[in-house]
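Right, one structure below, let's go through it.
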Amino acid sequence: MLVSTKWLNEYVNINGIDPADLAEKITRSGIEVDSIIYRGQGMTNVVVGHVKECVKHPEADKLNICQVDVGEETTQIICGAPNVADGQKVIVARPGAVLPGGMKIKKAKLRGEESNGMICSLQELGIEGKLVPKAYAEGIYVLPQDAVPGENALPLLGLDDTVLEFDLTPNRSDALSMLGVAYEVGAILSQGIALPKIDYPLSAEKAEDMLKLRIDAAEDNPMYVAKVVKNIKVAESPLWLQNALMAAGVRPHNNVVDITNYVLMEYGQPLHAFDYDRLETGEIVVRHAKEGEIITTLDDAERKLQAHNLVITNGNEPVALAGVMGGANSEVHDGTTTVVIESAYFAPSSVRRTSREVGLRSDASTRFEKGVDPNRVQEAAERAAQLMANLAGGEVLAGSVIFDELDKTAERITVSPDYINSRLGMKISMEEMLNILDRLRIPTEAINGQLVIDAPTRRQDLKIREDIIEEIARMYGYDEIPKTLPVSESTPGGLTPYQAKRRIVREFLEGAGLYQAITYSLTSKAHAQLFALETAPVTELLMPMSEDRSVLRQSLIPHLLEAATYNVARRIDSVSLYETGSVFLGEEEDGLPREVEHLAAVLTGKWVDHAWQAESKKVDFYVVKGIVEGLLDRLGLLHGLSFEKAVIDGMHPGRTANVLLQGERIGLIGQIHPTEQKKRDLKETYVMELNLKTILSINTDELLYVPVPRFPSISRDIALVVARETSAGMLEETIRQAGGKLLKDVKLFDLYEGDNVEEGKKSLAFSLTYFDPERTLTDEEVVKAHEKVLHALTIEAGAQLRG
């Protein structure tokens, strides 16, 4: 939430308070101020100019020579903006001016013509392009005709303002409005609040004579208010309104749309304006959509709806997606003369579900999802009608068309001062508590020694006693809470070796790009033993919550696959999840199942996706294998790690392996069987599961520093032709055993099957590195060691050197 201090000052007096001090007070009271934005800071010598004459530059088609009155003189400025013209009031940076980014304006010559300054666009004054009105997005900004040449342009544009950026927690939806912030700041500063005064002339005509309303989904729309405004003139908003919206991070459009956005930011109540003539039927019907019904929203996107989505219709077709965005078919345009103002209360759950399903989040949906103040729905509509009468020349029809079944009663909370003090460890008097609640404009009475509070509906976060305790604590001052230390014996903490290594496991996996998941320990009987490393009698619950949660799991993989399916169904195509948790095997003597900690992971989609470098790599078997190898290497166990081909139910028969440590099976890796993938709506998906308890229970030596070698190494590459069933791992083991102490490293770098290789055979290429840390090896020593390797490969593996 962006809060303009200039706008805030209209409701609560903050004159003379430094914005940094105000931000500190607000943060200390419980709402964090993320940043302070000093608009226009460092800008100088930026004034209003009047373009007296504008002619084409004789030497450049896209440049114009402008004679500009800047108050004290008329000066020549060369301007390349396409929309510059005679008679305009514009923003001029005089020679010597400083603009955002440290840009200094100097006198210059452009194609032989002198230019004494620059006619500025809003972007050049530091305003984001996405906030600049579309009419001026590609050119200079044109000021109102009553702007006085020579006067400082920054106050005119609201750039003498300071904006506070709030980082709101989900419960403080009240601070998503300027009035909500005013209540908060007024309480902090013990200042009164000046609420907008709503008063405007009414037409003799009645709104109910022009508009009919029917609500067919009262459970999702318990309150709907519509007002009708005739004879409006759609035009550009006054400068003060545009400035307020841009400071709040909202792009101005026209006076009608800007008024609805202004009231949204002021009251926190989303509004929508319909073109009455485009409604065609003179009727509004709120209902649930028909399955597959289509609406084109204001962003020109066509959206297919489901039967539970709430829509506003003209009785025939949808004209708005309730609480999310209006429809293009009822949009206000330059020719609009009659407007219907909609102010409603939509159920937060309905708006949240619709917003998520159509993939559209707006300022309106954000506020409806958190819950708007039911007592401001009508008032916000009246405020918008007042502004349309004042700023758009509108004639407001008498009365409103209303449907109202909304409960607006305040939440009553009773709490004793003793209870509050016991929770805070403080001694705050009842009088001080009443004073704090009065500053917060929370109606409170002291009855029989109890605080009886009617929580205002604008504060949706006040529901229970603890909420009131928090309000009193934060306004009294967290710094005032006494500091005490617990009285007890203390011992230094520390991690066991097992716990320390478990942290290493998590750090490594998250560093490798996997996200931690936590899934249910309970599963269905059908899934209990699927992918299990060790099967045992399942442990059944006596009173399960459902059949799907009736037994304890024996593998982590099934629920991780469910998590992957869930994410993929929500357009997250690349999923990398891991989980550390217990599996439950058989039954011990005490009647409880044996609990073993496992580690599992699931990966699908892309492993590498660098659009900038045009680099992309899908997850495959070797990605998962590399993660396992990297993890075991990090734990100092890589030397005992090996893999063997395996056939496991539910896994791809040709892309699955057992993971062995010191020759014992500790896990599995591989691809899920294509049939299983299809069942779960997944593409190529790989998993791994390891017995983490076994891995972490192995004692390993501390890592020792290996100095940088002083002597060179020698590499030899060999390509071997072997039977197709011969594994690369077996060949590597043969090479290492035959290579002796001089052979330091063996790497497989190529596999080939095809032309020039005999049927039933394959070619594997290895790179061998020979090295002695104490001296430089001779060619004869390397040749001798290498020949031993070749001989062993020929005799033991039946390998032949590939020519």
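To be explicit about the labels: the chains of the structure tokens are called A, B, and onward in the order shown, and within each one the residues are counted from 1, while ligands get numbers from 1 in the order they are shown.
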
Polymer residues at most 6 Å from segment 437-450 of chain A, only C-alpha atoms, same-chain spacing of 3 or more positions, as a PDB file with N, CA, C and O atoms, in the first residue's frame:
```pdb
ATOM      1  N   ALA A 187      -4.642   7.651  15.774  1.00  0.00           N
ATOM      2  CA  ALA A 187      -4.469   6.999  17.075  1.00  0.00           C
ATOM      3  C   ALA A 187      -3.037   7.146  17.574  1.00  0.00           C
ATOM      4  O   ALA A 187      -2.794   7.397  18.760  1.00  0.00           O
ATOM      5  N   VAL A 415     -13.430  -8.356  27.893  1.00  0.00           N
ATOM      6  CA  VAL A 415     -12.142  -8.760  28.451  1.00  0.00           C
ATOM      7  C   VAL A 415     -11.851  -7.906  29.690  1.00  0.00           C
ATOM      8  O   VAL A 415     -12.235  -6.733  29.741  1.00  0.00           O
ATOM      9  N   SER A 416     -11.218  -8.494  30.665  1.00  0.00           N
ATOM     10  CA  SER A 416     -10.908  -7.755  31.891  1.00  0.00           C
ATOM     11  C   SER A 416      -9.505  -7.167  31.821  1.00  0.00           C
ATOM     12  O   SER A 416      -8.608  -7.750  31.200  1.00  0.00           O
ATOM     13  N   LEU A 434      -8.816   2.405  28.260  1.00  0.00           N
ATOM     14  CA  LEU A 434      -9.964   3.089  27.638  1.00  0.00           C
ATOM     15  C   LEU A 434      -9.479   4.218  26.727  1.00  0.00           C
ATOM     16  O   LEU A 434     -10.038   4.444  25.646  1.00  0.00           O
ATOM     17  N   ILE A 453     -16.421  -4.288  24.423  1.00  0.00           N
ATOM     18  CA  ILE A 453     -15.963  -3.645  23.185  1.00  0.00           C
ATOM     19  C   ILE A 453     -16.841  -4.085  22.023  1.00  0.00           C
ATOM     20  O   ILE A 453     -17.093  -5.280  21.837  1.00  0.00           O
ATOM     21  N   ASP A 454     -17.303  -3.122  21.249  1.00  0.00           N
ATOM     22  CA  ASP A 454     -17.981  -3.411  19.977  1.00  0.00           C
ATOM     23  C   ASP A 454     -16.992  -3.103  18.859  1.00  0.00           C
ATOM     24  O   ASP A 454     -16.827  -1.948  18.451  1.00  0.00           O
TER      25      ASP A 454
END
```

Need to verify the contact set: Ile198 of chain A, 8 Å, only C-alpha atoms, exclusion of same-chain residues closer than 5 positions in sequence. Can you return it as a short mmCIF file (atom, residue, chain, number, x, y, z; two decimals) with N, CA and C atoms, in the first residue's frame?
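This is the output file out-v6.cif:
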```
data_model
loop_
_atom_site.label_atom_id
_atom_site.label_comp_id
_atom_site.auth_asym_id
_atom_site.auth_seq_id
_atom_site.Cartn_x
_atom_site.Cartn_y
_atom_site.Cartn_z
N GLU A 382 -22.12 6.71 -2.30
CA GLU A 382 -22.53 8.12 -2.19
C GLU A 382 -21.34 9.05 -2.46
N ARG A 383 -20.16 8.67 -1.97
CA ARG A 383 -18.96 9.49 -2.19
C ARG A 383 -18.63 9.56 -3.69
N GLN A 386 -21.07 11.88 -5.38
CA GLN A 386 -20.71 13.28 -5.11
C GLN A 386 -19.60 13.75 -6.05
#
```

Exercise for the section: Excluding segment 642-656 of chain A and residues on its chain fewer than 3 positions from it, collect all residues at most 8 Å away from it, counting only C-alpha atoms, and give them as a ChimeraX atom specification. Expected result: /A:530-531,621,659-663,668-674,676,729

Handout entry: Among listed residues A:Asn261, A:Pro456, A:Leu462, A:Val757, nearest Gln800 of chain A (using only C-alpha atoms)
Key =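 Nearest to Gln800 of chain A: A:Val757.
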
Handout entry: Residue nearest Ile188 of chain A - candidates A:Ala248, A:Ala723, A:Ile472, A:Leu592, atoms counted: only C-alpha atoms
Key =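 The answer is A:Ile472, which sits nearest to Ile188 of chain A.
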
Practice task
Show which residues sit within 12 Å of Val340 of chain A, as a PyMOL selection string. Count only C-alpha atoms, and ignore same-chain residues fewer than 5 positions away.
Solution key: chain A and resi 207-208+210-213+225-232+256-257+260+271-279+282-284+314+330-332+381+384-385+388+394-397+400-401
